[in-house]
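To start, the structure itself, in structure tokens.
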Amino acid sequence: MIERQAVKPKAGRDSFRTRRGFILACIGSAVGMGNIWLFPTRVSAYGGATFLIPYLVFVLLIGSTGVMGEMAFGRAAKSGPVGAFGMATRRRFGSERSGKLVGLFPVVVSLAMAIGYTVVVGWIFSYTFFALTGGSIGMQGVDQFGALFGAVSSNNFFWQTVALVAAFAIVIFGVGRGIERANKVMMPLFFLLFIVLAVYVATLPGAGAGYEYLFVLDPSGLADPMVWVYALGQAFFSLSVAGSGTLIYGSYLGENENVPNSAKYVALFDTLAAVLASLVIIPAMATAGERLSSGGPGLLFIYLPDLFAGMPAGPAVQAVFFVAVLFGGLTSLINLYEAPIATLQEMLHLERNKACFTVFAIGLIVSLLIQSIVSPWMDVCSIYLCPIGAALAGIMFFWFCGKDFVREQMNKGRVKPLAEAFYPLAKYGYCVVALAVLIAGSLLGGIG
């Protein structure tokens, strides 16, 4: 059960008002396009339940080390990556300067990811509008939906701006009054709508073949090393560990927060979101006699709309689907923008509204300029830059801050201290995993 006690951060600093609000915000950060358009593709391509087993193993590892570590690191520093990394190098080398410079890296990566995500959320706003107003009624076939996506993705200035305005209308109110309140509404609705869709799809003829594929294990598939490589990459990126978003949310926590308990809920509900998306998408594909073969934008904006168009009550199903996806996209977007906003507040001592307007201007200009290259832009961020940010945060906290400090921070707010195995698992296991994701992504051209 998620408790609702208020969290008490550093005096004068904005904060989450309840533990539940913090956890929902972290879940909102983690739940995004990786859960919706990539996880079902990986599950389909690599054997259903055969993929789920290594995925859950890696979620357990990363959730119990990396997610916990970034939360505790932010809380310990009461700052974003710049201040946290500076604290780490001060403890290790006696100087903050090098750490603060390095800490700018995950902040810039978070801003770059947010800018790319702005384009994607703009597409989602456009499709949600089409679905709610019946704009795609009568369209059939992947060629027609492909042409629609081509038109939207090449000239979507209006809805892209709407996406950015919607995100900043939330973040400008701060952590407690803006981000927390928004996630308390959008995250429960996201899960509710996907549950409704999953129940509906279950009533369609032929859906049973999708469930069989999802949950019947083929043990021989576990011998394929690529299953484990892609499961690792999916778990890593799905949990949103990149040295920025989870760390900055952790910086708003008080000393009484049980970080391992919160991380447990984040990992649990992020996994549920991915499984729910699969319970909608894979059985739906099975009812049409198709196997899911395309991830990314093509799945979300071409193949699924075409599939929904042929379903009973297809327009209503499509509307519910895109509203749910919109909630998932917006919650991730506001998290990505929070790191650069908070950094401007801390480094330049800007008021919240001035920091928001500065980042808004950068986000609007750059996102409009990269519409034609958003796919490679996001690939570079997710495949190369995010793992570097996660590895840096892991090294700073688990290596530079030292065992005693790490254990002290992790055990704050807990009745029972963490097991002795936690520190070596986090110091060696998690940091090696982060570097492995970077190397594998470089060699394979993308696993996230």
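Ordering of the structure tokens sets the chain letters (A, B, ...), residue numbers begin anew at 1 in every chain, and ligands are numbered from 1 in the order given.
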What's around Leu304 of chain A at 9 Å? Count only C-alpha atoms, leave out sequence neighbours fewer than 5 positions away in its own chain, and write the answer as a tab-separated table (two decimals) with all heavy atoms, in the first residue's frame.
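Written file, around.tsv:
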chain	number	residue	atom	x	y	z
A	281	ILE	N	-2.00	-4.60	-27.36
A	281	ILE	CA	-1.48	-4.57	-28.73
A	281	ILE	C	-1.30	-5.97	-29.32
A	281	ILE	O	-1.73	-6.24	-30.45
A	281	ILE	CB	-0.15	-3.78	-28.75
A	281	ILE	CG1	-0.43	-2.31	-28.43
A	281	ILE	CG2	0.52	-3.91	-30.11
A	281	ILE	CD1	0.81	-1.48	-28.20
A	284	ALA	N	-4.58	-7.79	-29.98
A	284	ALA	CA	-5.26	-7.09	-31.06
A	284	ALA	C	-4.66	-7.47	-32.41
A	284	ALA	O	-5.38	-7.70	-33.40
A	284	ALA	CB	-5.17	-5.58	-30.86
A	285	MET	N	-3.34	-7.56	-32.47
A	285	MET	CA	-2.69	-7.99	-33.71
A	285	MET	C	-3.09	-9.43	-34.04
A	285	MET	O	-3.26	-9.79	-35.21
A	285	MET	CB	-1.18	-7.86	-33.58
A	285	MET	CG	-0.67	-6.45	-33.35
A	285	MET	SD	-0.99	-5.32	-34.72
A	285	MET	CE	0.30	-5.79	-35.88
A	298	GLY	N	6.03	3.91	-36.44
A	298	GLY	CA	5.19	3.16	-37.37
A	298	GLY	C	4.12	2.35	-36.67
A	298	GLY	O	2.98	2.26	-37.13
A	299	LEU	N	4.48	1.73	-35.55
A	299	LEU	CA	3.51	0.94	-34.79
A	299	LEU	C	2.38	1.81	-34.28
A	299	LEU	O	1.20	1.51	-34.44
A	299	LEU	CB	4.20	0.24	-33.62
A	299	LEU	CG	3.28	-0.42	-32.60
A	299	LEU	CD1	2.54	-1.59	-33.22
A	299	LEU	CD2	4.06	-0.87	-31.37
A	309	ALA	N	-9.19	0.67	-37.04
A	309	ALA	CA	-10.21	1.04	-38.02
A	309	ALA	C	-11.07	-0.15	-38.44
A	309	ALA	O	-12.24	0.02	-38.79
A	309	ALA	CB	-9.55	1.66	-39.25
A	318	GLN	N	-9.91	3.72	-30.77
A	318	GLN	CA	-8.77	4.55	-31.12
A	318	GLN	C	-8.71	5.81	-30.26
A	318	GLN	O	-7.62	6.24	-29.85
A	318	GLN	CB	-8.86	4.93	-32.60
A	318	GLN	CG	-7.67	5.75	-33.10
A	318	GLN	CD	-7.64	5.83	-34.61
A	318	GLN	OE1	-7.34	4.87	-35.29
A	318	GLN	NE2	-7.98	7.01	-35.14
Contacts of Trp377 of chain A at 9 Å or less, counting only C-alpha atoms, minus same-chain residues fewer than 4 places along, as a PDB file with N, CA and C atoms, in the first residue's frame?
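What follows is the written file around_13.pdb:
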ATOM      1  N   ALA A 112      17.852  17.573 -24.257  1.00  0.00           N
ATOM      2  CA  ALA A 112      17.820  17.059 -25.627  1.00  0.00           C
ATOM      3  C   ALA A 112      16.722  16.012 -25.792  1.00  0.00           C
ATOM      4  N   MET A 113      16.584  15.118 -24.802  1.00  0.00           N
ATOM      5  CA  MET A 113      15.513  14.127 -24.841  1.00  0.00           C
ATOM      6  C   MET A 113      14.149  14.808 -24.804  1.00  0.00           C
ATOM      7  N   GLY A 116      13.271  16.263 -28.237  1.00  0.00           N
ATOM      8  CA  GLY A 116      12.817  15.216 -29.152  1.00  0.00           C
ATOM      9  C   GLY A 116      11.451  14.688 -28.775  1.00  0.00           C
ATOM     10  N   ILE A 370      14.014  20.463 -35.511  1.00  0.00           N
ATOM     11  CA  ILE A 370      14.473  19.075 -35.672  1.00  0.00           C
ATOM     12  C   ILE A 370      13.359  18.128 -36.116  1.00  0.00           C
ATOM     13  N   ILE A 373      14.459  15.373 -38.386  1.00  0.00           N
ATOM     14  CA  ILE A 373      15.538  14.478 -37.947  1.00  0.00           C
ATOM     15  C   ILE A 373      15.279  13.930 -36.548  1.00  0.00           C
ATOM     16  N   CYS A 381      20.300  10.141 -28.415  1.00  0.00           N
ATOM     17  CA  CYS A 381      20.056  10.401 -26.989  1.00  0.00           C
ATOM     18  C   CYS A 381      19.872   9.111 -26.200  1.00  0.00           C
ATOM     19  N   SER A 382      19.015   8.209 -26.711  1.00  0.00           N
ATOM     20  CA  SER A 382      18.662   7.024 -25.936  1.00  0.00           C
ATOM     21  C   SER A 382      19.730   5.942 -25.995  1.00  0.00           C
TER      22      SER A 382
END
Report task. Write down as a PyMOL selection string the residues of segment 243-402 of chain A whose backbone DSSP state falls under alpha helix (DSSP H). Result -> chain A and resi 245-250+259-287+296-298+304-309+314-348+352-369+374-379+386-394
Contact table segment 29-129 of chain A vs segment 432-439 of chain A, cut-off 10 Å, shortest pair per residue, only C-alpha atoms, as a tab-separated table:
residue	atom	partner	partner_atom	distance
A:Phe58	CA	A:Val433	CA	9.2
A:Leu61	CA	A:Val433	CA	9.3
A:Ile62	CA	A:Val433	CA	8.4
A:Gly66	CA	A:Ala434	CA	9.0
Take the residues just selected and output them with N, CA, C and O atoms as a short mmCIF file (atom, residue, chain, number, x, y, z; two decimals), in the first residue's frame.
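Written out: selection.cif:
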data_model
loop_
_atom_site.label_atom_id
_atom_site.label_comp_id
_atom_site.auth_asym_id
_atom_site.auth_seq_id
_atom_site.Cartn_x
_atom_site.Cartn_y
_atom_site.Cartn_z
N PHE A 58 16.11 -8.22 -15.17
CA PHE A 58 16.86 -6.97 -15.26
C PHE A 58 16.10 -5.81 -14.61
O PHE A 58 16.72 -4.89 -14.06
N LEU A 61 16.97 -6.06 -11.01
CA LEU A 61 18.33 -5.59 -10.75
C LEU A 61 18.45 -4.08 -10.81
O LEU A 61 18.95 -3.44 -9.88
N ILE A 62 17.94 -3.49 -11.88
CA ILE A 62 18.08 -2.04 -12.07
C ILE A 62 17.19 -1.27 -11.11
O ILE A 62 17.58 -0.24 -10.56
N GLY A 66 19.88 0.99 -9.48
CA GLY A 66 19.95 2.26 -10.18
C GLY A 66 18.85 3.24 -9.80
O GLY A 66 19.11 4.42 -9.54
#
Find the nearest atom pair between each residue of segment 235-352 of chain A and segment 385-389 of chain A for residues within 10 Å, count only C-alpha atoms, give distances in Å to one decimal, sort rows by chain and ascending number, and present the table as JSON lines.
{"residue": "A:Phe236", "atom": "CA", "partner": "A:Pro387", "partner_atom": "CA", "distance": 8.5}
{"residue": "A:Phe237", "atom": "CA", "partner": "A:Cys386", "partner_atom": "CA", "distance": 8.2}
{"residue": "A:Ser240", "atom": "CA", "partner": "A:Cys386", "partner_atom": "CA", "distance": 8.9}
{"residue": "A:Val241", "atom": "CA", "partner": "A:Cys386", "partner_atom": "CA", "distance": 7.7}
{"residue": "A:Ala242", "atom": "CA", "partner": "A:Cys386", "partner_atom": "CA", "distance": 4.9}
{"residue": "A:Gly243", "atom": "CA", "partner": "A:Gly389", "partner_atom": "CA", "distance": 4.9}
{"residue": "A:Ser244", "atom": "CA", "partner": "A:Gly389", "partner_atom": "CA", "distance": 7.5}
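As for atom CA of Ser126 of chain A and atom CA of Ser375 of chain A, they are spaced 17.9 Å apart.
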Within 12 Å of Pro417 of chain A, counting only C-alpha atoms, which residues show up once you throw out same-chain ones fewer than 3 positions away? Write them as a JSON list (two decimals) with all heavy atoms, in the first residue's frame, please.
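Result written to out-v3.json:
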[["chain", "number", "residue", "atom", "x", "y", "z"],
["A", 258, "ASN", "N", 11.26, 6.52, 2.62],
["A", 258, "ASN", "CA", 11.85, 5.21, 2.44],
["A", 258, "ASN", "C", 12.12, 5.00, 0.95],
["A", 258, "ASN", "O", 11.25, 4.57, 0.20],
["A", 258, "ASN", "CB", 10.89, 4.14, 2.97],
["A", 258, "ASN", "CG", 11.48, 2.73, 2.94],
["A", 258, "ASN", "OD1", 12.37, 2.44, 2.16],
["A", 258, "ASN", "ND2", 10.96, 1.87, 3.80],
["A", 259, "VAL", "N", 13.33, 5.33, 0.51],
["A", 259, "VAL", "CA", 13.68, 5.30, -0.91],
["A", 259, "VAL", "C", 13.53, 3.92, -1.53],
["A", 259, "VAL", "O", 12.95, 3.77, -2.60],
["A", 259, "VAL", "CB", 15.09, 5.88, -1.12],
["A", 259, "VAL", "CG1", 15.65, 5.49, -2.48],
["A", 259, "VAL", "CG2", 15.05, 7.40, -1.01],
["A", 260, "PRO", "N", 14.07, 2.85, -0.91],
["A", 260, "PRO", "CA", 13.90, 1.52, -1.53],
["A", 260, "PRO", "C", 12.43, 1.14, -1.74],
["A", 260, "PRO", "O", 12.09, 0.51, -2.75],
["A", 260, "PRO", "CB", 14.59, 0.58, -0.54],
["A", 260, "PRO", "CG", 15.63, 1.44, 0.11],
["A", 260, "PRO", "CD", 14.96, 2.78, 0.25],
["A", 261, "ASN", "N", 11.58, 1.51, -0.81],
["A", 261, "ASN", "CA", 10.16, 1.20, -0.94],
["A", 261, "ASN", "C", 9.54, 1.95, -2.12],
["A", 261, "ASN", "O", 8.75, 1.39, -2.89],
["A", 261, "ASN", "CB", 9.43, 1.57, 0.35],
["A", 261, "ASN", "CG", 8.02, 1.02, 0.39],
["A", 261, "ASN", "OD1", 7.79, -0.17, 0.21],
["A", 261, "ASN", "ND2", 7.06, 1.90, 0.62],
["A", 406, "VAL", "N", 26.81, 5.86, 1.26],
["A", 406, "VAL", "CA", 25.72, 5.28, 0.48],
["A", 406, "VAL", "C", 24.75, 4.52, 1.38],
["A", 406, "VAL", "O", 23.53, 4.68, 1.28],
["A", 406, "VAL", "CB", 26.27, 4.36, -0.63],
["A", 406, "VAL", "CG1", 25.14, 3.55, -1.28],
["A", 406, "VAL", "CG2", 26.99, 5.18, -1.69],
["A", 407, "ARG", "N", 25.29, 3.71, 2.25],
["A", 407, "ARG", "CA", 24.42, 2.93, 3.14],
["A", 407, "ARG", "C", 23.63, 3.85, 4.08],
["A", 407, "ARG", "O", 22.46, 3.59, 4.37],
["A", 407, "ARG", "CB", 25.26, 1.93, 3.95],
["A", 407, "ARG", "CG", 25.81, 0.78, 3.11],
["A", 407, "ARG", "CD", 26.43, -0.29, 3.99],
["A", 407, "ARG", "NE", 25.46, -0.87, 4.90],
["A", 407, "ARG", "CZ", 24.58, -1.81, 4.59],
["A", 407, "ARG", "NH1", 24.53, -2.29, 3.36],
["A", 407, "ARG", "NH2", 23.74, -2.28, 5.49],
["A", 408, "GLU", "N", 24.26, 4.91, 4.55],
["A", 408, "GLU", "CA", 23.54, 5.86, 5.42],
["A", 408, "GLU", "C", 22.37, 6.48, 4.68],
["A", 408, "GLU", "O", 21.25, 6.58, 5.22],
["A", 408, "GLU", "CB", 24.51, 6.96, 5.87],
["A", 408, "GLU", "CG", 23.83, 8.04, 6.71],
["A", 408, "GLU", "CD", 24.74, 9.22, 6.97],
["A", 408, "GLU", "OE1", 25.94, 9.17, 6.61],
["A", 408, "GLU", "OE2", 24.24, 10.22, 7.52],
["A", 409, "GLN", "N", 22.59, 6.89, 3.43],
["A", 409, "GLN", "CA", 21.53, 7.53, 2.66],
["A", 409, "GLN", "C", 20.41, 6.55, 2.30],
["A", 409, "GLN", "O", 19.24, 6.89, 2.33],
["A", 409, "GLN", "CB", 22.11, 8.15, 1.38],
["A", 409, "GLN", "CG", 23.11, 9.26, 1.63],
["A", 409, "GLN", "CD", 22.53, 10.38, 2.48],
["A", 409, "GLN", "OE1", 21.38, 10.79, 2.29],
["A", 409, "GLN", "NE2", 23.32, 10.86, 3.43],
["A", 410, "MET", "N", 20.79, 5.33, 1.95],
["A", 410, "MET", "CA", 19.79, 4.35, 1.56],
["A", 410, "MET", "C", 18.93, 3.90, 2.73],
["A", 410, "MET", "O", 17.77, 3.52, 2.56],
["A", 410, "MET", "CB", 20.46, 3.11, 0.93],
["A", 410, "MET", "CG", 21.25, 3.37, -0.34],
["A", 410, "MET", "SD", 20.31, 4.18, -1.65],
["A", 410, "MET", "CE", 18.91, 3.10, -1.81],
["A", 411, "ASN", "N", 19.48, 3.95, 3.94],
["A", 411, "ASN", "CA", 18.75, 3.45, 5.11],
["A", 411, "ASN", "C", 17.93, 4.52, 5.82],
["A", 411, "ASN", "O", 17.21, 4.21, 6.76],
["A", 411, "ASN", "CB", 19.72, 2.81, 6.10],
["A", 411, "ASN", "CG", 20.23, 1.46, 5.61],
["A", 411, "ASN", "OD1", 19.47, 0.69, 5.03],
["A", 411, "ASN", "ND2", 21.51, 1.19, 5.82],
["A", 412, "LYS", "N", 18.02, 5.77, 5.37],
["A", 412, "LYS", "CA", 17.20, 6.82, 5.97],
["A", 412, "LYS", "C", 15.73, 6.54, 5.70],
["A", 412, "LYS", "O", 15.34, 6.20, 4.59],
["A", 412, "LYS", "CB", 17.58, 8.19, 5.38],
["A", 412, "LYS", "CG", 18.89, 8.73, 5.94],
["A", 412, "LYS", "CD", 19.18, 10.12, 5.39],
["A", 412, "LYS", "CE", 20.45, 10.68, 6.02],
["A", 412, "LYS", "NZ", 20.76, 12.03, 5.49],
["A", 413, "GLY", "N", 14.92, 6.69, 6.73],
["A", 413, "GLY", "CA", 13.49, 6.46, 6.60],
["A", 413, "GLY", "C", 13.10, 5.00, 6.67],
["A", 413, "GLY", "O", 11.92, 4.67, 6.53],
["A", 414, "ARG", "N", 14.06, 4.10, 6.90],
["A", 414, "ARG", "CA", 13.78, 2.67, 6.97],
["A", 414, "ARG", "C", 13.86, 2.17, 8.40],
["A", 414, "ARG", "O", 14.66, 2.66, 9.20],
["A", 414, "ARG", "CB", 14.77, 1.88, 6.11],
["A", 414, "ARG", "CG", 14.58, 2.06, 4.63],
["A", 414, "ARG", "CD", 15.61, 1.25, 3.84],
["A", 414, "ARG", "NE", 15.55, -0.17, 4.14],
["A", 414, "ARG", "CZ", 14.69, -1.02, 3.59],
["A", 414, "ARG", "NH1", 13.78, -0.58, 2.73],
["A", 414, "ARG", "NH2", 14.70, -2.30, 3.90],
["A", 420, "GLU", "N", 23.54, -6.42, 3.37],
["A", 420, "GLU", "CA", 24.92, -6.10, 3.05],
["A", 420, "GLU", "C", 25.22, -6.28, 1.57],
["A", 420, "GLU", "O", 26.12, -5.65, 1.02],
["A", 420, "GLU", "CB", 25.86, -6.99, 3.88],
["A", 420, "GLU", "CG", 25.92, -6.64, 5.35],
["A", 420, "GLU", "CD", 26.59, -5.30, 5.61],
["A", 420, "GLU", "OE1", 27.46, -4.90, 4.79],
["A", 420, "GLU", "OE2", 26.23, -4.64, 6.59],
["A", 421, "ALA", "N", 24.48, -7.14, 0.91],
["A", 421, "ALA", "CA", 24.74, -7.42, -0.51],
["A", 421, "ALA", "C", 24.38, -6.25, -1.41],
["A", 421, "ALA", "O", 24.82, -6.20, -2.58],
["A", 421, "ALA", "CB", 23.96, -8.66, -0.95],
["A", 422, "PHE", "N", 23.60, -5.29, -0.91],
["A", 422, "PHE", "CA", 23.15, -4.19, -1.76],
["A", 422, "PHE", "C", 24.32, -3.41, -2.33],
["A", 422, "PHE", "O", 24.38, -3.15, -3.53],
["A", 422, "PHE", "CB", 22.23, -3.23, -0.99],
["A", 422, "PHE", "CG", 22.03, -1.93, -1.71],
["A", 422, "PHE", "CD1", 21.16, -1.85, -2.78],
["A", 422, "PHE", "CD2", 22.74, -0.79, -1.33],
["A", 422, "PHE", "CE1", 21.00, -0.65, -3.47],
["A", 422, "PHE", "CE2", 22.57, 0.41, -2.01],
["A", 422, "PHE", "CZ", 21.70, 0.48, -3.08],
["A", 423, "TYR", "N", 25.27, -3.00, -1.49],
["A", 423, "TYR", "CA", 26.31, -2.10, -1.97],
["A", 423, "TYR", "C", 27.18, -2.71, -3.06],
["A", 423, "TYR", "O", 27.38, -2.09, -4.11],
["A", 423, "TYR", "CB", 27.18, -1.62, -0.80],
["A", 423, "TYR", "CG", 28.23, -0.63, -1.24],
["A", 423, "TYR", "CD1", 27.88, 0.66, -1.61],
["A", 423, "TYR", "CD2", 29.57, -1.00, -1.30],
["A", 423, "TYR", "CE1", 28.84, 1.57, -2.03],
["A", 423, "TYR", "CE2", 30.54, -0.11, -1.73],
["A", 423, "TYR", "CZ", 30.16, 1.17, -2.09],
["A", 423, "TYR", "OH", 31.12, 2.07, -2.52]]
With a distance cut-off of 10 Å and only C-alpha atoms, select the neighbouring residues of segment 157-172 of chain A, excluding the residue or stretch itself and same-chain residues fewer than 6 positions from it, and output the selection as a CSV table (one decimal) with N, CA and C atoms, in the first residue's frame.
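Writing the result to out_29.csv gives the following:
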chain,number,residue,atom,x,y,z
A,114,ALA,N,14.0,15.8,-24.0
A,114,ALA,CA,12.7,16.5,-23.8
A,114,ALA,C,12.4,17.2,-25.2
A,115,ILE,N,13.4,17.8,-25.9
A,115,ILE,CA,13.1,18.4,-27.1
A,115,ILE,C,12.6,17.4,-28.2
A,117,TYR,N,11.2,14.5,-27.5
A,117,TYR,CA,9.9,14.0,-27.0
A,117,TYR,C,8.8,15.0,-27.3
A,118,THR,N,9.1,16.3,-27.3
A,118,THR,CA,8.1,17.3,-27.6
A,118,THR,C,7.6,17.1,-29.0
A,119,VAL,N,8.4,16.7,-30.0
A,119,VAL,CA,7.9,16.4,-31.3
A,119,VAL,C,7.0,15.2,-31.3
A,120,VAL,N,7.4,14.2,-30.6
A,120,VAL,CA,6.5,13.0,-30.5
A,120,VAL,C,5.2,13.2,-29.8
A,121,VAL,N,5.2,14.0,-28.7
A,121,VAL,CA,4.0,14.3,-28.0
A,121,VAL,C,3.1,15.2,-28.9
A,122,GLY,N,3.7,16.0,-29.7
A,122,GLY,CA,3.0,16.8,-30.7
A,122,GLY,C,2.2,15.9,-31.6
A,123,TRP,N,2.9,14.9,-32.1
A,123,TRP,CA,2.2,13.9,-33.0
A,123,TRP,C,1.0,13.2,-32.2
A,124,ILE,N,1.2,12.9,-31.0
A,124,ILE,CA,0.2,12.3,-30.2
A,124,ILE,C,-1.0,13.2,-30.0
A,125,PHE,N,-0.7,14.5,-29.7
A,125,PHE,CA,-1.8,15.5,-29.6
A,125,PHE,C,-2.6,15.5,-30.9
A,126,SER,N,-1.9,15.5,-32.1
A,126,SER,CA,-2.6,15.6,-33.4
A,126,SER,C,-3.5,14.4,-33.6
A,127,TYR,N,-3.0,13.2,-33.3
A,127,TYR,CA,-3.7,12.0,-33.5
A,127,TYR,C,-4.9,11.9,-32.5
A,129,PHE,N,-6.6,14.4,-31.3
A,129,PHE,CA,-7.6,15.3,-31.9
A,129,PHE,C,-8.3,14.6,-33.0
A,178,GLY,N,2.1,21.6,-9.3
A,178,GLY,CA,2.1,21.4,-10.7
A,178,GLY,C,2.3,19.9,-11.1
A,179,ILE,N,3.5,19.4,-10.9
A,179,ILE,CA,3.9,18.1,-11.3
A,179,ILE,C,3.2,17.0,-10.5
A,180,GLU,N,3.1,17.2,-9.2
A,180,GLU,CA,2.5,16.2,-8.4
A,180,GLU,C,1.0,16.1,-8.7
A,181,ARG,N,0.3,17.2,-8.8
A,181,ARG,CA,-1.2,17.2,-9.1
A,181,ARG,C,-1.5,16.6,-10.4
A,182,ALA,N,-0.6,16.9,-11.4
A,182,ALA,CA,-0.9,16.4,-12.8
A,182,ALA,C,-0.7,14.9,-12.8
A,183,ASN,N,0.3,14.4,-12.2
A,183,ASN,CA,0.5,13.0,-12.2
A,183,ASN,C,-0.5,12.2,-11.4
A,326,LEU,N,-1.5,9.8,-24.6
A,326,LEU,CA,-1.2,11.2,-24.4
A,326,LEU,C,-0.8,11.4,-22.9
A,329,GLY,N,2.7,10.2,-22.4
A,329,GLY,CA,3.7,11.0,-23.0
A,329,GLY,C,3.9,12.3,-22.3
A,330,LEU,N,2.8,12.9,-21.8
A,330,LEU,CA,2.9,14.2,-21.1
A,330,LEU,C,3.7,14.0,-19.8
A,331,THR,N,3.4,13.0,-19.0
A,331,THR,CA,4.1,12.8,-17.7
A,331,THR,C,5.6,12.6,-17.9
A,332,SER,N,6.0,11.9,-19.0
A,332,SER,CA,7.4,11.8,-19.3
A,332,SER,C,8.0,13.1,-19.7
A,333,LEU,N,7.3,13.9,-20.5
A,333,LEU,CA,7.8,15.2,-21.0
A,333,LEU,C,8.0,16.2,-19.8
A,334,ILE,N,7.1,16.3,-18.9
A,334,ILE,CA,7.3,17.2,-17.8
A,334,ILE,C,8.5,16.8,-16.9
A,335,ASN,N,8.8,15.5,-16.8
A,335,ASN,CA,9.9,15.1,-16.0
A,335,ASN,C,11.2,15.5,-16.7
A,337,TYR,N,11.8,17.9,-18.8
A,337,TYR,CA,12.0,19.4,-18.7
A,337,TYR,C,12.4,19.9,-17.3
A,338,GLU,N,12.0,19.1,-16.3
A,338,GLU,CA,12.2,19.6,-14.9
A,338,GLU,C,13.7,19.7,-14.6
A,341,ILE,N,15.2,23.0,-15.9
A,341,ILE,CA,14.5,24.1,-15.2
A,341,ILE,C,15.1,24.2,-13.8
A,352,ARG,N,11.3,30.6,-10.6
A,352,ARG,CA,10.7,29.5,-11.3
A,352,ARG,C,10.2,29.9,-12.6
A,353,ASN,N,9.4,30.9,-12.7
A,353,ASN,CA,8.8,31.3,-14.0
A,353,ASN,C,9.8,31.7,-15.0
A,354,LYS,N,10.9,32.4,-14.6
A,354,LYS,CA,11.9,32.8,-15.6
A,354,LYS,C,12.7,31.6,-16.1
A,355,ALA,N,12.9,30.7,-15.2
A,355,ALA,CA,13.6,29.4,-15.7
A,355,ALA,C,12.7,28.7,-16.6
A,356,CYS,N,11.4,28.6,-16.3
A,356,CYS,CA,10.5,27.9,-17.2
A,356,CYS,C,10.4,28.6,-18.6
A,357,PHE,N,10.3,29.9,-18.6
A,357,PHE,CA,10.2,30.6,-19.9
A,357,PHE,C,11.5,30.4,-20.7
A,359,VAL,N,13.7,27.8,-20.7
A,359,VAL,CA,13.7,26.5,-21.2
A,359,VAL,C,12.6,26.3,-22.2
A,360,PHE,N,11.4,26.9,-22.0
A,360,PHE,CA,10.3,26.8,-23.0
A,360,PHE,C,10.8,27.4,-24.3
A,361,ALA,N,11.5,28.5,-24.3
A,361,ALA,CA,11.9,29.1,-25.6
A,361,ALA,C,12.9,28.2,-26.3
A,363,GLY,N,13.2,24.9,-25.9
A,363,GLY,CA,12.5,23.8,-26.4
A,363,GLY,C,11.7,24.0,-27.6
A,364,LEU,N,11.0,25.1,-27.7
A,364,LEU,CA,10.1,25.4,-28.8
A,364,LEU,C,10.9,25.6,-30.1
A,365,ILE,N,12.0,26.4,-30.0
A,365,ILE,CA,12.8,26.7,-31.2
A,365,ILE,C,13.5,25.5,-31.7
A,367,SER,N,12.9,22.2,-31.1
A,367,SER,CA,12.0,21.1,-31.5
A,367,SER,C,11.3,21.4,-32.8
A,368,LEU,N,11.1,22.7,-33.1
A,368,LEU,CA,10.5,23.0,-34.5
A,368,LEU,C,11.6,22.8,-35.6
A,369,LEU,N,12.9,23.0,-35.2
A,369,LEU,CA,13.9,22.8,-36.2
A,369,LEU,C,14.3,21.4,-36.5
A,371,GLN,N,12.2,18.7,-36.6
A,371,GLN,CA,11.1,17.8,-36.9
A,371,GLN,C,11.5,16.7,-37.9
Query - Contacts of Lys427 of chain A at 10 Å (only C-alpha atoms; same-chain gap of 4+ positions) as number ranges by chain - result: A: 65-66, 69, 394-395, 397-399, 402-403, 422-423, 431-432
Please produce a file of the residues just selected, as a tab-separated table (two decimals), in the first residue's frame, where the atoms kept are N, CA and C atoms.
chain	number	residue	atom	x	y	z
A	65	THR	N	18.77	-1.12	-7.65
A	65	THR	CA	20.08	-0.48	-7.55
A	65	THR	C	20.05	0.92	-8.17
A	66	GLY	N	19.88	0.99	-9.48
A	66	GLY	CA	19.95	2.26	-10.18
A	66	GLY	C	18.85	3.24	-9.80
A	69	GLY	N	19.37	4.23	-6.25
A	69	GLY	CA	20.57	5.05	-6.13
A	69	GLY	C	20.34	6.48	-6.56
A	394	GLY	N	25.89	6.58	-11.39
A	394	GLY	CA	26.23	5.41	-10.60
A	394	GLY	C	27.64	5.48	-10.05
A	395	ILE	N	28.57	5.90	-10.88
A	395	ILE	CA	29.97	6.02	-10.43
A	395	ILE	C	30.10	7.09	-9.35
A	397	PHE	N	27.86	8.22	-7.24
A	397	PHE	CA	27.23	7.87	-5.97
A	397	PHE	C	27.86	6.64	-5.33
A	398	PHE	N	27.93	5.55	-6.09
A	398	PHE	CA	28.36	4.28	-5.49
A	398	PHE	C	29.88	4.17	-5.35
A	399	TRP	N	30.63	4.87	-6.19
A	399	TRP	CA	32.09	4.79	-6.12
A	399	TRP	C	32.70	5.98	-5.39
A	402	GLY	N	31.31	6.62	-1.52
A	402	GLY	CA	31.80	5.63	-0.56
A	402	GLY	C	30.70	4.81	0.10
A	403	LYS	N	31.07	3.63	0.56
A	403	LYS	CA	30.12	2.67	1.10
A	403	LYS	C	29.35	3.20	2.29
A	422	PHE	N	23.60	-5.29	-0.91
A	422	PHE	CA	23.15	-4.19	-1.76
A	422	PHE	C	24.32	-3.41	-2.33
A	423	TYR	N	25.27	-3.00	-1.49
A	423	TYR	CA	26.31	-2.10	-1.97
A	423	TYR	C	27.18	-2.71	-3.06
A	431	CYS	N	26.60	-0.55	-12.25
A	431	CYS	CA	27.49	0.27	-13.09
A	431	CYS	C	27.96	-0.52	-14.31
A	432	VAL	N	28.23	-1.81	-14.14
A	432	VAL	CA	28.61	-2.65	-15.27
A	432	VAL	C	27.45	-2.77	-16.25
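For the atom pair formed by atom CA of Pro305 of chain A and atom CA of Ala207 of chain A, the distance is 17.5 Å, given to one decimal.
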Requested in this report: Tell me which of A:Phe405, A:Phe73, A:Phe194, A:Trp37 sits closest to Phe327 of chain A, counting only C-alpha atoms.
Outcome: A:Phe194
